[in-house]
Amino acid sequence: MNYLSLIVLLPVLSFILLIVFGKKLGDKAAYLSIAAVGAAFGLSVKALLDVMGGAHADLSFTWLTVGNLKLTFGLLLDPLAGMMLVVVTFVSLLVQLFSVGYMHGDKRYGWFYACLSMFTASMLLLVVSPNFVQMYMAWEGVGLFSYLLVGFWFEKRSASDAAKKAFMVTRVGDLGFGIGLIILFITAGTLDMSQVFAMKFAPETASLIAILFFFGAIGKSAQFPLHVWLPDAMEGPTPVSALIHAATMVAAGVYLVARAYPLFEQGPAAMEFVAIIGTITAFMAATIALTATDIKKILAYSTVSQLGYMMMGLGVGAFAAGTFHLMNHAFFKALLFLGAGSVIHAVHSQEIFDMGGLSRKMKITSLTFVIGGLALAGIPPFSGFWSKDEILLGAFESGHTAIFAIGLLTALFTAFYTFRLIFVVFFGKPRGHHGDHVHESPAVMAVPLMLLAALALTSGLLGSPFMGNAYQSFILGGHGEAEHHINYLVMGLSIGVAVLGIFGAWLKYSTSLLPSNVMSKNNIIYQLLVNKYYIDEIYEFTLVKPTHAIARYVLIFDQRVIDGAVNGVAWVVARIGGSLKYLQTGYAQNYALVMVISVVVLIIWSFRAIQLF
């Protein structure tokens, strides 16, 4: 198991070498990073195979001892970690290959790959962490490098603002996670996962700690109400968006809940809270995506919604379904984002209504994008169907009827906005000014699309009855036994709403059967959705503006009182010095006169003193 450390260390080594030699390497910088992540992927596959063979690792050594607090550093390998290692390294590898073409000619090419390497390493360290201190350190590393990558083109004000917004909003959630760690240590006396999960907590204590942990996940995984950073994070390069949305930053929150699941299971209130927040997020983000017109922001809200589905599944007790959707989503969402990058690379626009008819000239991109869209919409046999259906089944069979109904409605909206995007971008008449210059992306960008499309088509079968629910049996090593049955009612409803959503998008955007103004832009519902429920405005009014107002008064107090006192002392000293400078005339006779006068005064004072005695 010594090779486990190399999975993390290889991208770290790539980062160090690129920092030192990145400029000298030029375009060859990509090969170093790709080689490191490729090797890490190979070792991750070996780790997964070892886990499938029954291997398990929990290696730790003492890093720091302070009083009764002993901090350890180590490596953990179990079914959940094995699955995530392969997903993270594989998606990162394909994103880096795609970036060779997409980022070609960028003036900070080496720095881009250095950040990608360390971003990947931080997520890998998080995945293999056997204790919560190490996980928290890796968690913050993921946040730091996402900040650098979202703001990679910092010359643009919008990019630097988006990076700061992502960093600040996620810090709010991280504060909750940190407080949860403190309470856990006070309660349990340890932050080692194996020891914590072996303990029995009072339901109220477990719920409190789990909910605080979930606050961290709300920030990282862009759940309501801290979801506002993720759509703005689209200001970064599209390959970064693919990596953030598929396998790293936003996956970290779901992974935290899945990793700490034994703790969540001891707190029923925490489980309900996770399910409710996930359901609200899934529905809200899906409705916002209905009116978005920026191709990357549509996919961004799609990610927020699908992350909500994952939390919904975990909250209702469908552990296998939630983690299965995490895996499947990584593949088809990376495919969709890289496909969007291919389109943007060709059209030089992100507005879907500047596109149209691209399937004629971008056959590979269009075909693979449709495959990703079918997976996202939940059409069998594509991957998204199997995991989404399992989540809905979990909600239905656990008695969460309202959550199940909202989940179905969300699935309808998901299919509609996905194929709205597809019909507008790839079919119909060309729009905008891209004209004849549109062409398929180079092979280095097309090959990752084809590989991801293959997984979007097939990965879901691992959790299907046709393969004996193999994924569920594998992942549920410590969480019970997999169930092998089909609920045809839930399956029928799931497929039905997806087909209905696609049919509605076809009627609206590929035919003239529905009027173009079926929903007026002056409609109150449309305005609510296009303005994203005014949540950014609410934050602006209730938090940002009051904070700015308080900051202005603090600035005035600082400048006039604090600085005034300090500067006042300096002013007095300067005035005294300015007055005394007139005594320094530079003439020797003046100094001699002063000396004589001083001696006379001293003599007179001495005689007066003698007379007194």
# chains A, B, ... in the order shown; residues from 1 in each chain; ligands from 1
call {"tool": "residues_around", "arguments": {"residues": "region 500-508 of chain A", "least_positions_apart": "6", "cutoff": "7 Å", "atoms": "only C-alpha atoms", "output": "mmCIF file with C-alpha atoms, in the first residue's frame"}}
result
data_model
loop_
_atom_site.group_PDB
_atom_site.id
_atom_site.type_symbol
_atom_site.label_atom_id
_atom_site.label_comp_id
_atom_site.auth_asym_id
_atom_site.auth_seq_id
_atom_site.Cartn_x
_atom_site.Cartn_y
_atom_site.Cartn_z
ATOM 1 C CA LEU A 412 -38.979 17.264 -15.613
ATOM 2 C CA PHE A 413 -37.308 20.679 -15.540
ATOM 3 C CA ALA A 415 -34.839 17.303 -19.113
ATOM 4 C CA PHE A 416 -36.462 20.478 -20.458
ATOM 5 C CA PHE A 419 -32.668 19.767 -24.398
ATOM 6 C CA ARG A 420 -33.562 23.428 -24.720
ATOM 7 C CA LEU A 514 -45.840 26.544 -29.426
#
call {"tool": "residues_around", "arguments": {"residues": "region 388-398 of chain A", "least_positions_apart": "2", "cutoff": "8 Å", "atoms": "only C-alpha atoms", "output": "list in words"}}
result
Tyr309, Met310, Met312, Gly313, Val316, Gly317, Ala318, Ala321, Gly322, His325, Gly378, Gly384, Phe385, Trp386, His400, Thr401, Ile403, Phe404, Gly407, Leu408, Asn487, Val490, Met491 and Ser494 of chain A
call {"tool": "residues_around", "arguments": {"residues": "Thr190 (chain A)", "least_positions_apart": "5", "cutoff": "12 Å", "atoms": "only C-alpha atoms", "output": "PyMOL selection string"}}
result
chain A and resi 68-72+130-133+181-185+195-199
call {"tool": "closest_atom_pairs", "arguments": {"of": "region 98-180 of chain A", "to": "region 33-37 of chain A", "cutoff": "9 Å", "atoms": "only C-alpha atoms", "output": "Markdown table"}}
result
| residue | atom | partner | partner_atom | distance |
| --- | --- | --- | --- | --- |
| A:Tyr113 | CA | A:Ser33 | CA | 6.3 |
| A:Ala114 | CA | A:Ser33 | CA | 7.3 |
| A:Leu116 | CA | A:Ser33 | CA | 8.2 |
| A:Ser117 | CA | A:Ser33 | CA | 6.3 |
| A:Thr120 | CA | A:Val37 | CA | 8.3 |
call {"tool": "write_last_selection", "arguments": {"atoms": "N, CA and C atoms", "output": "PDB file, in the first residue's frame"}}
result
ATOM      1  N   TYR A 113      -1.204  24.928 -15.531  1.00  0.00           N
ATOM      2  CA  TYR A 113      -1.034  23.499 -15.258  1.00  0.00           C
ATOM      3  C   TYR A 113      -0.508  23.253 -13.843  1.00  0.00           C
ATOM      4  N   ALA A 114       0.272  24.172 -13.325  1.00  0.00           N
ATOM      5  CA  ALA A 114       0.735  24.039 -11.938  1.00  0.00           C
ATOM      6  C   ALA A 114      -0.450  24.073 -10.979  1.00  0.00           C
ATOM      7  N   LEU A 116      -3.619  23.425 -11.742  1.00  0.00           N
ATOM      8  CA  LEU A 116      -4.425  22.219 -11.949  1.00  0.00           C
ATOM      9  C   LEU A 116      -3.843  21.040 -11.176  1.00  0.00           C
ATOM     10  N   SER A 117      -2.520  20.908 -11.204  1.00  0.00           N
ATOM     11  CA  SER A 117      -1.866  19.803 -10.501  1.00  0.00           C
ATOM     12  C   SER A 117      -2.129  19.867  -9.000  1.00  0.00           C
ATOM     13  N   THR A 120      -5.784  19.200  -8.059  1.00  0.00           N
ATOM     14  CA  THR A 120      -6.035  17.759  -8.059  1.00  0.00           C
ATOM     15  C   THR A 120      -5.429  17.103  -6.825  1.00  0.00           C
TER      16      THR A 120
END
call {"tool": "residues_around", "arguments": {"residues": "Leu48 (chain A)", "least_positions_apart": "5", "cutoff": "9 Å", "atoms": "only C-alpha atoms", "output": "ChimeraX atom specification"}}
result
/A:43,53,77-79,81-83,85-86
call {"tool": "closest_residue", "arguments": {"among": "A:Ala375, A:Ala246, A:Met137, A:Leu10", "to": "Leu461 (chain A)", "atoms": "only C-alpha atoms"}}
result
A:Ala375
call {"tool": "residues_around", "arguments": {"residues": "region 353-363 of chain A", "least_positions_apart": "6", "cutoff": "12 Å", "atoms": "only C-alpha atoms", "output": "ChimeraX atom specification"}}
result
/A:292-295,339-340,342-347,369-370,420-442,446,449-450,509-510
call {"tool": "select_by_dssp", "arguments": {"residues": "region 91-308 of chain A", "states": "alpha helix (DSSP H)", "output": "VMD selection string"}}
result
chain A and resid 91 to 102 109 to 127 132 to 150 157 to 188 193 to 197 203 to 220 229 to 232 238 to 246 249 to 259 261 to 265 268 to 289 295 to 308
call {"tool": "closest_residue", "arguments": {"among": "A:Ala138, A:Val91, A:Leu489, A:Ala456", "to": "Pro380 (chain A)", "atoms": "only C-alpha atoms"}}
result
A:Ala456
call {"tool": "closest_residue", "arguments": {"among": "A:Ile179, A:Met445, A:Ile406, A:Ala252", "to": "Leu335 (chain A)", "atoms": "only C-alpha atoms"}}
result
A:Met445
call {"tool": "select_by_dssp", "arguments": {"residues": "region 59-185 of chain A", "states": "strand (DSSP E)", "output": "ChimeraX atom specification"}}
result
/A:59-66,69-77
call {"tool": "closest_residue", "arguments": {"among": "A:Phe324, A:Phe466, A:Phe21, A:Trp605", "to": "Ser387 (chain A)", "atoms": "only C-alpha atoms"}}
result
A:Phe324
call {"tool": "closest_residue", "arguments": {"among": "A:Tyr109, A:Pro268, A:Asp58, A:Leu4", "to": "Gly42 (chain A)", "atoms": "only C-alpha atoms"}}
result
A:Leu4
call {"tool": "atom_distance", "arguments": {"atom1": "CA of Arg108 (chain A)", "atom2": "CA of Asp232 (chain A)"}}
result
21.8 Å
call {"tool": "atom_distance", "arguments": {"atom1": "CA of Ile211 (chain A)", "atom2": "CA of Val257 (chain A)"}}
result
9.8 Å
call {"tool": "residues_around", "arguments": {"residues": "Val88 (chain A)", "least_positions_apart": "3", "cutoff": "10 Å", "atoms": "only C-alpha atoms", "output": "ChimeraX atom specification"}}
result
/A:37,40-41,44,83-85,91-93,120-121,123-124,127,243,246-248,251,327,330
call {"tool": "residues_around", "arguments": {"residues": "Asn2 (chain A)", "least_positions_apart": "5", "cutoff": "12 Å", "atoms": "only C-alpha atoms", "output": "list in words"}}
result
Ile7, Val8, Leu9, Leu43, Lys46, Ala47, Ala57, Asp58, Leu59, Gly74, Leu75, Leu76 and Leu77 of chain A
call {"tool": "write_last_selection", "arguments": {"atoms": "C-alpha atoms", "output": "PDB file, in the first residue's frame"}}
result
ATOM      1  CA  ILE A   7      -1.127   9.147  -5.858  1.00  0.00           C
ATOM      2  CA  VAL A   8      -1.037  12.426  -3.922  1.00  0.00           C
ATOM      3  CA  LEU A   9       2.670  13.199  -4.191  1.00  0.00           C
ATOM      4  CA  LEU A  43      -2.065   3.887  -9.333  1.00  0.00           C
ATOM      5  CA  LYS A  46      -4.589  -0.366  -8.861  1.00  0.00           C
ATOM      6  CA  ALA A  47      -5.941   0.907  -5.546  1.00  0.00           C
ATOM      7  CA  ALA A  57      -5.738   0.520   4.445  1.00  0.00           C
ATOM      8  CA  ASP A  58      -5.752   2.956   7.353  1.00  0.00           C
ATOM      9  CA  LEU A  59      -2.154   4.094   7.720  1.00  0.00           C
ATOM     10  CA  GLY A  74      -2.018   9.226   7.049  1.00  0.00           C
ATOM     11  CA  LEU A  75      -3.773   7.440   4.212  1.00  0.00           C
ATOM     12  CA  LEU A  76      -7.160   5.750   4.066  1.00  0.00           C
ATOM     13  CA  LEU A  77      -8.319   3.314   1.403  1.00  0.00           C
TER      14      LEU A  77
END
call {"tool": "closest_residue", "arguments": {"among": "A:Gly568, A:Phe273, A:Val95, A:Val544", "to": "Lys165 (chain A)", "atoms": "only C-alpha atoms"}}
result
A:Val544
call {"tool": "atom_distance", "arguments": {"atom1": "CA of Pro203 (chain A)", "atom2": "CA of Leu476 (chain A)"}}
result
22.9 Å
